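What follows is a set of notes on a single structure, which appears directly below.
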Protein chains: 2
Amino acid sequence: MGDESQAPLPRLFGLCSAKFSEQLLHALWDAGFTDQRAVYDRVFPFVPPEGIRLTALADRAGMTKQAMSELVGDLVSMGYLQRSPDPADGRAKLIAFTDRGWAAVETVLASFRDVEASLLGRLGERRMRELRRTLMELLDDA
Amino acid sequence: MGDESQAPLPRLFGLCSAKFSEQLLHALWDAGFTDQRAVYDRVFPFVPPEGIRLTALADRAGMTKQAMSELVGDLVSMGYLQRSPDPADGRAKLIAFTDRGWAAVETVLASFRDVEASLLGRLGERRMRELRRTLMELLDDA
DNA sequence: CCTTTTCGTCAAGCATCCTGACTAAAGTGG
DNA sequence: CCACTTTAGTCAGGATGCTTGACGAAAAGG
C-alpha cells in the first residue's frame, strides 16, 4: 500500500472507516447473513425499536423517501423488516425489525464490540478513552 | 443528531470521514471546481505525476478498467486529465493531469492542510501526534 | 366542507459500478 | 518469420442505488 506515515489525516480516517466496514460485512457473512449488501449501513442504524414511518426514516438517513422505500422493500422481502399499518394515521405504515432483523442487529453490535475490544487490547485503556474523546470533539462542529 | 457519547467507535469513524469529505467538496466548490462529483476520491489519488496506464490506474483504485475508463473519460472531457499515446507500447495510453488538473489537486491538498491546521488548533500538538499515531496503528493490520 | 398539507407509491432517468465479448498490439517459442 | 498466447483498452448490456416529478389517498385546519 505504500508509506502512509505522511498521509493526510482525512485520508487516514477514510481508510480506517473502510476497514471497519469491511470487518462488519465479514462478521455478518460469517453469521449467516449472506444476502446483504451495504444496505445495512444506510437503513438499520435509523430504525428504532418501536418502528418508524418511511418519511421519517428517509429524513434520518438523509435520503429521499423513494430511495428509502426501495431499500426497505428489499429488506422486507429478505425478512429483516416488516411494514404494518400505523394505527394513528391511515396513510402511514410503521417499519420495524422482524426477529430475523433483530438477530442481524445483534450480530452488528457484537461486531462493534469485537472491534472495540481489539482496539482496547492494542491501544490500552488510556489511549482508547483519548481516541473516543478526540473523535467526539471533531464531530462537535467547529 | 442525538447523543453520540456511547456511539460505537466504527460509527464515529464513519461520521468523521463523511465530515471531511464534505469539507473537501466544499473547498473544491469554493475554488471554482463546480463540475465535480465524488470522482475525485476515486481517481485523483492514484494518478502519479508522470502519468499512468488505465489498467494500472484501475488496479490501484480497486476497480475494473471499464469503470475507470469511464471516469477518466469524464475527467478528460472536463479538462482535468489527458490521454496521450504511450511511446513504449502501441496499445496503451498514458493518463496524466492537465494544468487544470494540477490546480484541482493543489486545492485538495490545501483543503487537507486546512483540516489539519484546524485540528491542530483544537487538539494541540500532543494529542494531534497521538491521533495520527493511533490511526496508523489501526491500519497496520492486526 | 373545501383547501392545503402530508404519506407513500409509480415512473422515468442518471451515475457508478459490474461481467462478457471483442480488436489491436506485444511478447514468445519454434 | 510465424503462429500462439497474453495484455491494453473499448464496446455492449445489465444491476444497484440514488434522483426529480407526478400522483391518489388520507389527514389537518380553516
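Going by the C-alpha cells order, chains are called A, B, ..., each with residues numbered from 1, while ligands are numbered from 1 in the order shown.
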
Fitted copy of chain A on chain B, all Cα, as a short mmCIF file (atom, residue, chain, number, x, y, z; two decimals) with N, CA and C atoms, in the first residue's frame:
```cif
data_model
loop_
_atom_site.label_atom_id
_atom_site.label_comp_id
_atom_site.auth_asym_id
_atom_site.auth_seq_id
_atom_site.Cartn_x
_atom_site.Cartn_y
_atom_site.Cartn_z
N MET A 1 -28.85 15.48 16.17
CA MET A 1 -28.27 14.19 15.77
C MET A 1 -28.37 13.18 16.90
N GLY A 2 -28.57 13.65 18.11
CA GLY A 2 -28.70 12.73 19.23
C GLY A 2 -27.39 12.53 19.95
N ASP A 3 -27.44 11.67 20.95
CA ASP A 3 -26.28 11.47 21.81
C ASP A 3 -25.31 10.48 21.18
N GLU A 4 -24.08 10.93 21.01
CA GLU A 4 -23.09 10.05 20.39
C GLU A 4 -22.08 9.55 21.40
N SER A 5 -22.32 9.86 22.68
CA SER A 5 -21.28 9.58 23.67
C SER A 5 -21.01 8.09 23.80
N GLN A 6 -21.97 7.25 23.38
CA GLN A 6 -21.72 5.82 23.48
C GLN A 6 -21.76 5.17 22.10
N ALA A 7 -21.76 5.99 21.07
CA ALA A 7 -21.80 5.44 19.73
C ALA A 7 -20.59 4.53 19.51
N PRO A 8 -20.79 3.46 18.76
CA PRO A 8 -19.68 2.55 18.50
C PRO A 8 -18.57 3.27 17.70
N LEU A 9 -17.36 2.92 17.99
CA LEU A 9 -16.23 3.57 17.33
C LEU A 9 -16.29 3.51 15.80
N PRO A 10 -16.64 2.35 15.22
CA PRO A 10 -16.67 2.32 13.76
C PRO A 10 -17.60 3.38 13.19
N ARG A 11 -18.70 3.62 13.90
CA ARG A 11 -19.65 4.63 13.45
C ARG A 11 -19.03 6.02 13.54
N LEU A 12 -18.31 6.28 14.62
CA LEU A 12 -17.66 7.59 14.76
C LEU A 12 -16.68 7.82 13.61
N PHE A 13 -15.94 6.79 13.27
CA PHE A 13 -15.01 6.93 12.15
C PHE A 13 -15.75 7.25 10.87
N GLY A 14 -16.85 6.57 10.64
CA GLY A 14 -17.63 6.85 9.45
C GLY A 14 -18.12 8.29 9.42
N LEU A 15 -18.58 8.78 10.55
CA LEU A 15 -19.10 10.15 10.59
C LEU A 15 -17.97 11.16 10.34
N CYS A 16 -16.82 10.93 10.96
CA CYS A 16 -15.68 11.82 10.74
C CYS A 16 -15.29 11.83 9.27
N SER A 17 -15.21 10.65 8.71
CA SER A 17 -14.81 10.53 7.32
C SER A 17 -15.78 11.28 6.41
N ALA A 18 -17.06 11.11 6.65
CA ALA A 18 -18.07 11.79 5.84
C ALA A 18 -17.94 13.30 5.98
N LYS A 19 -17.62 13.73 7.20
CA LYS A 19 -17.51 15.16 7.44
C LYS A 19 -16.35 15.76 6.65
N PHE A 20 -15.23 15.08 6.65
CA PHE A 20 -14.08 15.57 5.91
C PHE A 20 -14.37 15.61 4.41
N SER A 21 -15.02 14.58 3.92
CA SER A 21 -15.36 14.55 2.50
C SER A 21 -16.21 15.75 2.12
N GLU A 22 -17.15 16.06 2.99
CA GLU A 22 -18.03 17.18 2.72
C GLU A 22 -17.23 18.49 2.67
N GLN A 23 -16.33 18.65 3.64
CA GLN A 23 -15.50 19.85 3.66
C GLN A 23 -14.67 19.96 2.38
N LEU A 24 -14.18 18.80 1.93
CA LEU A 24 -13.35 18.81 0.73
C LEU A 24 -14.15 19.25 -0.49
N LEU A 25 -15.34 18.68 -0.65
CA LEU A 25 -16.17 19.06 -1.78
C LEU A 25 -16.48 20.56 -1.73
N HIS A 26 -16.73 21.03 -0.52
CA HIS A 26 -17.04 22.43 -0.34
C HIS A 26 -15.86 23.30 -0.78
N ALA A 27 -14.65 22.90 -0.40
CA ALA A 27 -13.46 23.67 -0.76
C ALA A 27 -13.29 23.71 -2.27
N LEU A 28 -13.53 22.57 -2.92
CA LEU A 28 -13.41 22.53 -4.38
C LEU A 28 -14.44 23.45 -5.02
N TRP A 29 -15.64 23.40 -4.50
CA TRP A 29 -16.70 24.25 -5.03
C TRP A 29 -16.30 25.72 -4.90
N ASP A 30 -15.85 26.09 -3.72
CA ASP A 30 -15.47 27.48 -3.49
C ASP A 30 -14.34 27.92 -4.40
N ALA A 31 -13.48 26.98 -4.79
CA ALA A 31 -12.34 27.34 -5.63
C ALA A 31 -12.72 27.36 -7.11
N GLY A 32 -14.00 27.15 -7.40
CA GLY A 32 -14.46 27.26 -8.78
C GLY A 32 -14.53 25.93 -9.52
N PHE A 33 -14.21 24.83 -8.84
CA PHE A 33 -14.32 23.52 -9.50
C PHE A 33 -15.70 22.97 -9.21
N THR A 34 -16.67 23.53 -9.92
CA THR A 34 -18.06 23.24 -9.59
C THR A 34 -18.61 22.08 -10.41
N ASP A 35 -17.80 21.55 -11.31
CA ASP A 35 -18.31 20.50 -12.19
C ASP A 35 -17.94 19.12 -11.68
N GLN A 36 -17.61 19.06 -10.40
CA GLN A 36 -17.09 17.81 -9.87
C GLN A 36 -18.13 17.01 -9.11
N ARG A 37 -17.95 15.73 -9.15
CA ARG A 37 -18.71 14.81 -8.32
C ARG A 37 -17.74 14.24 -7.30
N ALA A 38 -18.10 13.12 -6.74
CA ALA A 38 -17.20 12.49 -5.78
C ALA A 38 -16.07 11.76 -6.50
N VAL A 39 -16.02 11.99 -7.82
CA VAL A 39 -15.06 11.28 -8.66
C VAL A 39 -13.62 11.54 -8.22
N TYR A 40 -13.41 12.71 -7.67
CA TYR A 40 -12.09 13.05 -7.17
C TYR A 40 -11.49 11.94 -6.31
N ASP A 41 -12.26 11.51 -5.31
CA ASP A 41 -11.74 10.55 -4.34
C ASP A 41 -11.32 9.26 -5.01
N ARG A 42 -12.00 8.91 -6.10
CA ARG A 42 -11.81 7.62 -6.72
C ARG A 42 -10.64 7.60 -7.68
N VAL A 43 -10.29 8.76 -8.23
CA VAL A 43 -9.32 8.78 -9.32
C VAL A 43 -8.08 9.58 -8.95
N PHE A 44 -8.27 10.81 -8.54
CA PHE A 44 -7.14 11.71 -8.33
C PHE A 44 -6.04 11.14 -7.44
N PRO A 45 -6.40 10.50 -6.31
CA PRO A 45 -5.32 10.05 -5.41
C PRO A 45 -4.39 9.03 -6.05
N PHE A 46 -4.79 8.46 -7.18
CA PHE A 46 -4.02 7.35 -7.73
C PHE A 46 -3.27 7.72 -9.00
N VAL A 47 -3.37 8.97 -9.40
CA VAL A 47 -2.67 9.41 -10.61
C VAL A 47 -1.32 10.01 -10.21
N PRO A 48 -0.22 9.37 -10.57
CA PRO A 48 1.10 9.90 -10.21
C PRO A 48 1.52 11.01 -11.17
N PRO A 49 2.48 11.83 -10.78
CA PRO A 49 2.90 12.97 -11.60
C PRO A 49 3.31 12.58 -13.02
N GLU A 50 3.93 11.42 -13.15
CA GLU A 50 4.46 11.05 -14.47
C GLU A 50 3.41 10.41 -15.37
N GLY A 51 2.18 10.23 -14.85
CA GLY A 51 1.15 9.58 -15.64
C GLY A 51 1.12 8.09 -15.36
N ILE A 52 0.07 7.43 -15.82
CA ILE A 52 -0.13 6.02 -15.50
C ILE A 52 -1.05 5.41 -16.53
N ARG A 53 -0.94 4.10 -16.71
CA ARG A 53 -1.83 3.42 -17.66
C ARG A 53 -3.16 3.11 -17.00
N LEU A 54 -4.19 2.95 -17.84
CA LEU A 54 -5.54 2.73 -17.35
C LEU A 54 -5.62 1.50 -16.44
N THR A 55 -5.07 0.40 -16.88
CA THR A 55 -5.19 -0.83 -16.10
C THR A 55 -4.54 -0.68 -14.73
N ALA A 56 -3.37 -0.06 -14.69
CA ALA A 56 -2.69 0.13 -13.42
C ALA A 56 -3.50 1.06 -12.52
N LEU A 57 -4.07 2.09 -13.12
CA LEU A 57 -4.87 3.03 -12.35
C LEU A 57 -6.09 2.33 -11.74
N ALA A 58 -6.74 1.50 -12.56
CA ALA A 58 -7.91 0.77 -12.06
C ALA A 58 -7.51 -0.17 -10.92
N ASP A 59 -6.37 -0.83 -11.06
CA ASP A 59 -5.91 -1.72 -9.99
C ASP A 59 -5.70 -0.94 -8.71
N ARG A 60 -5.01 0.18 -8.82
CA ARG A 60 -4.74 0.99 -7.63
C ARG A 60 -6.02 1.39 -6.93
N ALA A 61 -7.03 1.74 -7.73
CA ALA A 61 -8.28 2.24 -7.15
C ALA A 61 -9.22 1.10 -6.77
N GLY A 62 -8.82 -0.14 -7.06
CA GLY A 62 -9.66 -1.27 -6.72
C GLY A 62 -10.93 -1.32 -7.53
N MET A 63 -10.81 -1.12 -8.84
CA MET A 63 -11.96 -0.99 -9.71
C MET A 63 -11.65 -1.74 -11.01
N THR A 64 -12.68 -2.02 -11.81
CA THR A 64 -12.42 -2.60 -13.12
C THR A 64 -11.92 -1.51 -14.06
N LYS A 65 -11.20 -1.94 -15.09
CA LYS A 65 -10.68 -0.96 -16.04
C LYS A 65 -11.81 -0.29 -16.81
N GLN A 66 -12.91 -1.00 -16.99
CA GLN A 66 -14.04 -0.40 -17.70
C GLN A 66 -14.63 0.76 -16.91
N ALA A 67 -14.80 0.54 -15.62
CA ALA A 67 -15.35 1.60 -14.78
C ALA A 67 -14.39 2.78 -14.75
N MET A 68 -13.11 2.49 -14.56
CA MET A 68 -12.13 3.58 -14.50
C MET A 68 -12.06 4.33 -15.83
N SER A 69 -12.19 3.59 -16.92
CA SER A 69 -12.14 4.22 -18.23
C SER A 69 -13.23 5.28 -18.37
N GLU A 70 -14.40 4.97 -17.86
CA GLU A 70 -15.49 5.93 -17.97
C GLU A 70 -15.22 7.16 -17.11
N LEU A 71 -14.75 6.94 -15.89
CA LEU A 71 -14.42 8.07 -15.01
C LEU A 71 -13.35 8.95 -15.65
N VAL A 72 -12.31 8.30 -16.15
CA VAL A 72 -11.22 9.06 -16.78
C VAL A 72 -11.76 9.84 -17.98
N GLY A 73 -12.61 9.19 -18.77
CA GLY A 73 -13.19 9.88 -19.92
C GLY A 73 -13.92 11.14 -19.51
N ASP A 74 -14.69 11.05 -18.43
CA ASP A 74 -15.39 12.23 -17.94
C ASP A 74 -14.40 13.32 -17.54
N LEU A 75 -13.37 12.92 -16.79
CA LEU A 75 -12.41 13.90 -16.29
C LEU A 75 -11.59 14.49 -17.44
N VAL A 76 -11.39 13.71 -18.49
CA VAL A 76 -10.71 14.24 -19.67
C VAL A 76 -11.59 15.31 -20.33
N SER A 77 -12.87 14.99 -20.48
CA SER A 77 -13.74 15.95 -21.17
C SER A 77 -13.97 17.19 -20.32
N MET A 78 -13.74 17.08 -19.01
CA MET A 78 -13.84 18.27 -18.16
C MET A 78 -12.50 19.02 -18.10
N GLY A 79 -11.48 18.43 -18.69
CA GLY A 79 -10.21 19.15 -18.76
C GLY A 79 -9.26 18.92 -17.60
N TYR A 80 -9.54 17.92 -16.78
CA TYR A 80 -8.66 17.66 -15.64
C TYR A 80 -7.54 16.67 -15.96
N LEU A 81 -7.82 15.77 -16.88
CA LEU A 81 -6.84 14.74 -17.25
C LEU A 81 -6.65 14.75 -18.76
N GLN A 82 -5.54 14.14 -19.20
CA GLN A 82 -5.31 13.96 -20.63
C GLN A 82 -4.81 12.54 -20.87
N ARG A 83 -5.17 12.02 -22.04
CA ARG A 83 -4.66 10.72 -22.46
C ARG A 83 -3.66 10.94 -23.59
N SER A 84 -2.46 10.37 -23.45
CA SER A 84 -1.49 10.46 -24.54
C SER A 84 -0.93 9.07 -24.80
N PRO A 85 -0.54 8.78 -26.04
CA PRO A 85 -0.04 7.44 -26.35
C PRO A 85 1.21 7.13 -25.53
N ASP A 86 1.31 5.89 -25.10
CA ASP A 86 2.49 5.45 -24.35
C ASP A 86 3.58 5.09 -25.36
N PRO A 87 4.70 5.81 -25.35
CA PRO A 87 5.76 5.54 -26.34
C PRO A 87 6.32 4.12 -26.20
N ALA A 88 6.16 3.52 -25.05
CA ALA A 88 6.76 2.20 -24.82
C ALA A 88 5.81 1.06 -25.18
N ASP A 89 4.56 1.39 -25.52
CA ASP A 89 3.59 0.31 -25.77
C ASP A 89 2.47 0.86 -26.64
N GLY A 90 2.38 0.32 -27.84
CA GLY A 90 1.42 0.84 -28.82
C GLY A 90 -0.02 0.66 -28.43
N ARG A 91 -0.30 -0.27 -27.48
CA ARG A 91 -1.69 -0.47 -27.08
C ARG A 91 -2.11 0.54 -26.01
N ALA A 92 -1.14 0.94 -25.18
CA ALA A 92 -1.46 1.68 -23.97
C ALA A 92 -1.47 3.19 -24.17
N LYS A 93 -2.15 3.87 -23.27
CA LYS A 93 -2.15 5.33 -23.23
C LYS A 93 -1.77 5.76 -21.82
N LEU A 94 -1.10 6.87 -21.73
CA LEU A 94 -0.73 7.39 -20.41
C LEU A 94 -1.75 8.44 -19.98
N ILE A 95 -2.23 8.28 -18.77
CA ILE A 95 -3.21 9.21 -18.22
C ILE A 95 -2.49 10.11 -17.24
N ALA A 96 -2.62 11.42 -17.44
CA ALA A 96 -1.90 12.35 -16.56
C ALA A 96 -2.72 13.61 -16.36
N PHE A 97 -2.34 14.40 -15.36
CA PHE A 97 -3.04 15.65 -15.07
C PHE A 97 -2.72 16.71 -16.12
N THR A 98 -3.72 17.51 -16.43
CA THR A 98 -3.51 18.75 -17.18
C THR A 98 -3.19 19.85 -16.18
N ASP A 99 -2.94 21.06 -16.67
CA ASP A 99 -2.70 22.19 -15.75
C ASP A 99 -3.92 22.40 -14.85
N ARG A 100 -5.09 22.32 -15.48
CA ARG A 100 -6.31 22.47 -14.68
C ARG A 100 -6.41 21.37 -13.63
N GLY A 101 -6.01 20.17 -14.00
CA GLY A 101 -6.00 19.06 -13.06
C GLY A 101 -5.08 19.34 -11.88
N TRP A 102 -3.90 19.86 -12.17
CA TRP A 102 -2.96 20.18 -11.10
C TRP A 102 -3.52 21.25 -10.17
N ALA A 103 -4.21 22.21 -10.77
CA ALA A 103 -4.80 23.27 -9.94
C ALA A 103 -5.82 22.67 -8.97
N ALA A 104 -6.60 21.71 -9.46
CA ALA A 104 -7.59 21.07 -8.59
C ALA A 104 -6.89 20.27 -7.50
N VAL A 105 -5.82 19.58 -7.88
CA VAL A 105 -5.06 18.82 -6.89
C VAL A 105 -4.54 19.75 -5.80
N GLU A 106 -4.05 20.89 -6.24
CA GLU A 106 -3.50 21.83 -5.26
C GLU A 106 -4.60 22.31 -4.30
N THR A 107 -5.80 22.49 -4.84
CA THR A 107 -6.92 22.88 -3.99
C THR A 107 -7.23 21.80 -2.96
N VAL A 108 -7.20 20.55 -3.41
CA VAL A 108 -7.45 19.44 -2.50
C VAL A 108 -6.40 19.43 -1.38
N LEU A 109 -5.14 19.56 -1.77
CA LEU A 109 -4.08 19.52 -0.76
C LEU A 109 -4.21 20.67 0.21
N ALA A 110 -4.58 21.84 -0.32
CA ALA A 110 -4.76 23.00 0.57
C ALA A 110 -5.89 22.74 1.55
N SER A 111 -6.94 22.08 1.07
CA SER A 111 -8.04 21.76 1.97
C SER A 111 -7.59 20.80 3.06
N PHE A 112 -6.78 19.82 2.68
CA PHE A 112 -6.23 18.90 3.68
C PHE A 112 -5.43 19.66 4.72
N ARG A 113 -4.60 20.59 4.23
CA ARG A 113 -3.78 21.37 5.16
C ARG A 113 -4.67 22.19 6.09
N ASP A 114 -5.75 22.74 5.54
CA ASP A 114 -6.68 23.50 6.38
C ASP A 114 -7.26 22.63 7.48
N VAL A 115 -7.69 21.42 7.07
CA VAL A 115 -8.27 20.52 8.06
C VAL A 115 -7.25 20.22 9.15
N GLU A 116 -6.03 19.93 8.74
CA GLU A 116 -5.01 19.59 9.74
C GLU A 116 -4.70 20.77 10.64
N ALA A 117 -4.67 21.96 10.04
CA ALA A 117 -4.38 23.15 10.86
C ALA A 117 -5.50 23.36 11.88
N SER A 118 -6.74 23.15 11.41
CA SER A 118 -7.88 23.32 12.31
C SER A 118 -7.82 22.31 13.45
N LEU A 119 -7.49 21.08 13.11
CA LEU A 119 -7.39 20.05 14.14
C LEU A 119 -6.27 20.38 15.12
N LEU A 120 -5.15 20.84 14.56
CA LEU A 120 -4.01 21.18 15.42
C LEU A 120 -4.41 22.24 16.43
N GLY A 121 -5.17 23.22 15.94
CA GLY A 121 -5.60 24.28 16.84
C GLY A 121 -6.52 23.77 17.93
N ARG A 122 -7.33 22.76 17.58
CA ARG A 122 -8.31 22.29 18.55
C ARG A 122 -7.73 21.24 19.49
N LEU A 123 -6.82 20.45 18.98
CA LEU A 123 -6.34 19.32 19.78
C LEU A 123 -5.00 19.61 20.45
N GLY A 124 -4.22 20.48 19.85
CA GLY A 124 -2.87 20.69 20.35
C GLY A 124 -1.92 19.70 19.72
N GLU A 125 -0.64 20.00 19.83
CA GLU A 125 0.35 19.24 19.08
C GLU A 125 0.47 17.79 19.59
N ARG A 126 0.40 17.64 20.91
CA ARG A 126 0.62 16.31 21.46
C ARG A 126 -0.50 15.35 21.03
N ARG A 127 -1.76 15.78 21.21
CA ARG A 127 -2.87 14.90 20.86
C ARG A 127 -2.93 14.67 19.36
N MET A 128 -2.48 15.67 18.59
CA MET A 128 -2.46 15.51 17.14
C MET A 128 -1.49 14.40 16.74
N ARG A 129 -0.29 14.43 17.31
CA ARG A 129 0.69 13.38 17.02
C ARG A 129 0.14 12.03 17.42
N GLU A 130 -0.50 11.99 18.58
CA GLU A 130 -1.05 10.74 19.11
C GLU A 130 -2.14 10.21 18.18
N LEU A 131 -2.99 11.11 17.71
CA LEU A 131 -4.08 10.69 16.81
C LEU A 131 -3.51 10.06 15.55
N ARG A 132 -2.54 10.73 14.96
CA ARG A 132 -1.96 10.20 13.72
C ARG A 132 -1.31 8.83 13.97
N ARG A 133 -0.62 8.73 15.09
CA ARG A 133 0.03 7.46 15.41
C ARG A 133 -1.01 6.36 15.59
N THR A 134 -2.08 6.69 16.29
CA THR A 134 -3.13 5.71 16.53
C THR A 134 -3.76 5.25 15.21
N LEU A 135 -4.09 6.21 14.35
CA LEU A 135 -4.72 5.85 13.09
C LEU A 135 -3.82 4.92 12.28
N MET A 136 -2.54 5.24 12.27
CA MET A 136 -1.64 4.41 11.46
C MET A 136 -1.50 3.03 12.07
N GLU A 137 -1.56 2.94 13.38
CA GLU A 137 -1.51 1.62 14.00
C GLU A 137 -2.74 0.80 13.62
N LEU A 138 -3.88 1.46 13.56
CA LEU A 138 -5.10 0.74 13.21
C LEU A 138 -5.02 0.18 11.80
N LEU A 139 -4.35 0.92 10.92
CA LEU A 139 -4.27 0.47 9.53
C LEU A 139 -3.20 -0.59 9.33
N ASP A 140 -2.24 -0.65 10.23
CA ASP A 140 -1.20 -1.70 10.18
C ASP A 140 -1.83 -3.02 10.57
N ASP A 141 -2.42 -3.66 9.61
CA ASP A 141 -3.31 -4.79 9.85
C ASP A 141 -2.90 -5.63 11.05
N ALA A 142 -3.91 -6.04 11.81
CA ALA A 142 -3.65 -6.83 13.03
C ALA A 142 -3.02 -8.16 12.65
#
```

Residues flagged alpha helix (DSSP H) by DSSP in chain B, as JSON, numbers by chain: {"B": [9, 10, 11, 12, 13, 14, 15, 16, 17, 18, 19, 20, 21, 22, 23, 24, 25, 26, 27, 28, 29, 30, 39, 40, 41, 42, 43, 54, 55, 56, 57, 58, 59, 60, 61, 65, 66, 67, 68, 69, 70, 71, 72, 73, 74, 75, 76, 77, 99, 100, 101, 102, 103, 104, 105, 106, 107, 108, 109, 110, 111, 112, 113, 114, 115, 116, 117, 118, 119, 120, 121, 122, 123, 124, 125, 126, 127, 128, 129, 130, 131, 132, 133, 134, 135, 136, 137, 138, 139]}

Those same residues - C-alpha atoms - I'd like them written as a compact mmCIF listing (two decimals), in the first residue's frame.
```txt
# COMPACT_ATOMS: atom_id res chain seq x y z
CA LEU B 9 -16.28 3.65 17.51
CA PRO B 10 -16.70 2.36 13.94
CA ARG B 11 -19.66 4.68 13.59
CA LEU B 12 -17.67 7.65 14.89
CA PHE B 13 -15.02 6.96 12.30
CA GLY B 14 -17.63 6.87 9.58
CA LEU B 15 -19.09 10.19 10.69
CA CYS B 16 -15.66 11.84 10.84
CA SER B 17 -14.79 10.53 7.43
CA ALA B 18 -18.04 11.79 5.93
CA LYS B 19 -17.49 15.18 7.50
CA PHE B 20 -14.05 15.56 5.98
CA SER B 21 -15.34 14.51 2.57
CA GLU B 22 -17.98 17.16 2.77
CA GLN B 23 -15.45 19.83 3.70
CA LEU B 24 -13.31 18.77 0.77
CA LEU B 25 -16.13 19.02 -1.74
CA HIS B 26 -16.98 22.40 -0.30
CA ALA B 27 -13.40 23.61 -0.71
CA LEU B 28 -13.37 22.49 -4.34
CA TRP B 29 -16.66 24.21 -4.98
CA ASP B 30 -15.41 27.43 -3.44
CA VAL B 39 -15.00 11.22 -8.68
CA TYR B 40 -12.03 12.98 -7.18
CA ASP B 41 -11.65 10.45 -4.38
CA ARG B 42 -11.73 7.55 -6.80
CA VAL B 43 -9.26 8.72 -9.39
CA LEU B 54 -5.50 2.75 -17.50
CA THR B 55 -5.13 -0.82 -16.29
CA ALA B 56 -2.60 0.13 -13.62
CA LEU B 57 -4.79 3.01 -12.51
CA ALA B 58 -7.81 0.73 -12.21
CA ASP B 59 -5.79 -1.76 -10.18
CA ARG B 60 -4.61 0.94 -7.80
CA ALA B 61 -8.14 2.17 -7.27
CA LYS B 65 -10.64 -0.97 -16.18
CA GLN B 66 -14.04 -0.41 -17.78
CA ALA B 67 -15.30 1.58 -14.82
CA MET B 68 -12.08 3.55 -14.59
CA SER B 69 -12.13 4.21 -18.31
CA GLU B 70 -15.49 5.91 -17.99
CA LEU B 71 -14.38 8.03 -15.04
CA VAL B 72 -11.22 9.04 -16.84
CA GLY B 73 -13.23 9.86 -19.94
CA ASP B 74 -15.40 12.20 -17.94
CA LEU B 75 -12.42 13.86 -16.31
CA VAL B 76 -10.76 14.24 -19.71
CA SER B 77 -13.80 15.94 -21.17
CA ASP B 99 -2.75 22.17 -15.77
CA ARG B 100 -6.33 22.43 -14.66
CA GLY B 101 -6.00 19.02 -13.04
CA TRP B 102 -2.95 20.13 -11.10
CA ALA B 103 -4.80 23.21 -9.93
CA ALA B 104 -7.57 21.00 -8.56
CA VAL B 105 -5.02 18.72 -6.89
CA GLU B 106 -3.47 21.75 -5.25
CA THR B 107 -6.89 22.78 -3.96
CA VAL B 108 -7.42 19.36 -2.47
CA LEU B 109 -4.04 19.42 -0.75
CA ALA B 110 -4.72 22.89 0.58
CA SER B 111 -8.01 21.67 1.99
CA PHE B 112 -6.21 18.81 3.73
CA ARG B 113 -3.76 21.29 5.21
CA ASP B 114 -6.64 23.44 6.40
CA VAL B 115 -8.25 20.47 8.10
CA GLU B 116 -5.00 19.55 9.80
CA ALA B 117 -4.39 23.11 10.89
CA SER B 118 -7.87 23.31 12.34
CA LEU B 119 -7.41 20.06 14.19
CA LEU B 120 -4.05 21.18 15.47
CA GLY B 121 -5.64 24.31 16.86
CA ARG B 122 -8.35 22.35 18.57
CA LEU B 123 -6.40 19.39 19.85
CA GLY B 124 -2.95 20.76 20.43
CA GLU B 125 0.27 19.27 19.22
CA ARG B 126 0.50 16.38 21.63
CA ARG B 127 -2.98 14.98 21.01
CA MET B 128 -2.54 15.54 17.28
CA ARG B 129 0.58 13.41 17.20
CA GLU B 130 -1.16 10.80 19.31
CA LEU B 131 -4.16 10.73 16.97
CA ARG B 132 -2.02 10.21 13.92
CA ARG B 133 -0.05 7.50 15.66
CA THR B 134 -3.23 5.74 16.75
CA LEU B 135 -4.79 5.86 13.29
CA MET B 136 -1.68 4.42 11.70
CA GLU B 137 -1.57 1.64 14.26
CA LEU B 138 -5.15 0.76 13.44
CA LEU B 139 -4.28 0.45 9.77
```

Which residues of chain C have any atom within 12 Å of an atom in chain A when counting only C-alpha atoms (C1' of nucleotides), and what is the closest pair of atoms for each, with the distance in Å to one decimal? Order the rows by chain and rising number and write it as a tab-separated table.
```
residue	atom	partner	partner_atom	distance
C:DT6	C1'	A:Arg91	CA	8.9
C:DC7	C1'	A:Arg91	CA	5.4
C:DG8	C1'	A:Ala92	CA	7.0
C:DT9	C1'	A:Gln66	CA	8.1
C:DC10	C1'	A:Gln66	CA	9.8
C:DA11	C1'	A:Gln66	CA	11.4
```

Those residues you just picked out, can you put them in a file as a short mmCIF file (atom, residue, chain, number, x, y, z; two decimals), in the first residue's frame with N, CA and C atoms (P, O5', C5', C4', C3', O3' and C1' of nucleotides)?
```cif
data_model
loop_
_atom_site.label_atom_id
_atom_site.label_comp_id
_atom_site.auth_asym_id
_atom_site.auth_seq_id
_atom_site.Cartn_x
_atom_site.Cartn_y
_atom_site.Cartn_z
P DT C 6 -46.68 19.80 5.39
"O5'" DT C 6 -47.03 18.25 5.43
"C5'" DT C 6 -47.86 17.75 6.47
"C4'" DT C 6 -48.12 16.27 6.22
"C3'" DT C 6 -46.86 15.45 5.90
"O3'" DT C 6 -46.85 14.33 6.75
"C1'" DT C 6 -48.55 15.04 4.31
P DC C 7 -45.75 13.20 6.63
"O5'" DC C 7 -46.51 12.05 5.85
"C5'" DC C 7 -47.52 11.27 6.52
"C4'" DC C 7 -47.75 10.00 5.74
"C3'" DC C 7 -46.46 9.27 5.38
"O3'" DC C 7 -46.59 7.88 5.67
"C1'" DC C 7 -47.70 9.79 3.41
P DG C 8 -45.28 6.95 5.61
"O5'" DG C 8 -45.40 6.40 4.12
"C5'" DG C 8 -46.44 5.49 3.83
"C4'" DG C 8 -46.64 5.39 2.33
"C3'" DG C 8 -45.50 4.74 1.56
"O3'" DG C 8 -45.90 3.43 1.19
"C1'" DG C 8 -46.43 6.64 0.43
P DT C 9 -44.96 2.58 0.15
"O5'" DT C 9 -45.45 3.00 -1.31
"C5'" DT C 9 -46.84 2.93 -1.63
"C4'" DT C 9 -47.07 3.29 -3.09
"C3'" DT C 9 -46.13 2.57 -4.06
"O3'" DT C 9 -46.90 1.94 -5.06
"C1'" DT C 9 -46.13 4.94 -4.46
P DC C 10 -46.18 0.92 -6.12
"O5'" DC C 10 -46.15 1.76 -7.47
"C5'" DC C 10 -47.33 2.46 -7.87
"C4'" DC C 10 -47.05 3.29 -9.12
"C3'" DC C 10 -46.10 2.64 -10.11
"O3'" DC C 10 -46.61 2.83 -11.42
"C1'" DC C 10 -45.29 4.78 -9.50
P DA C 11 -45.94 2.11 -12.70
"O5'" DA C 11 -45.04 3.29 -13.31
"C5'" DA C 11 -45.61 4.58 -13.51
"C4'" DA C 11 -44.59 5.50 -14.13
"C3'" DA C 11 -43.56 4.81 -15.02
"O3'" DA C 11 -43.43 5.54 -16.23
"C1'" DA C 11 -42.47 6.13 -13.40
#
```
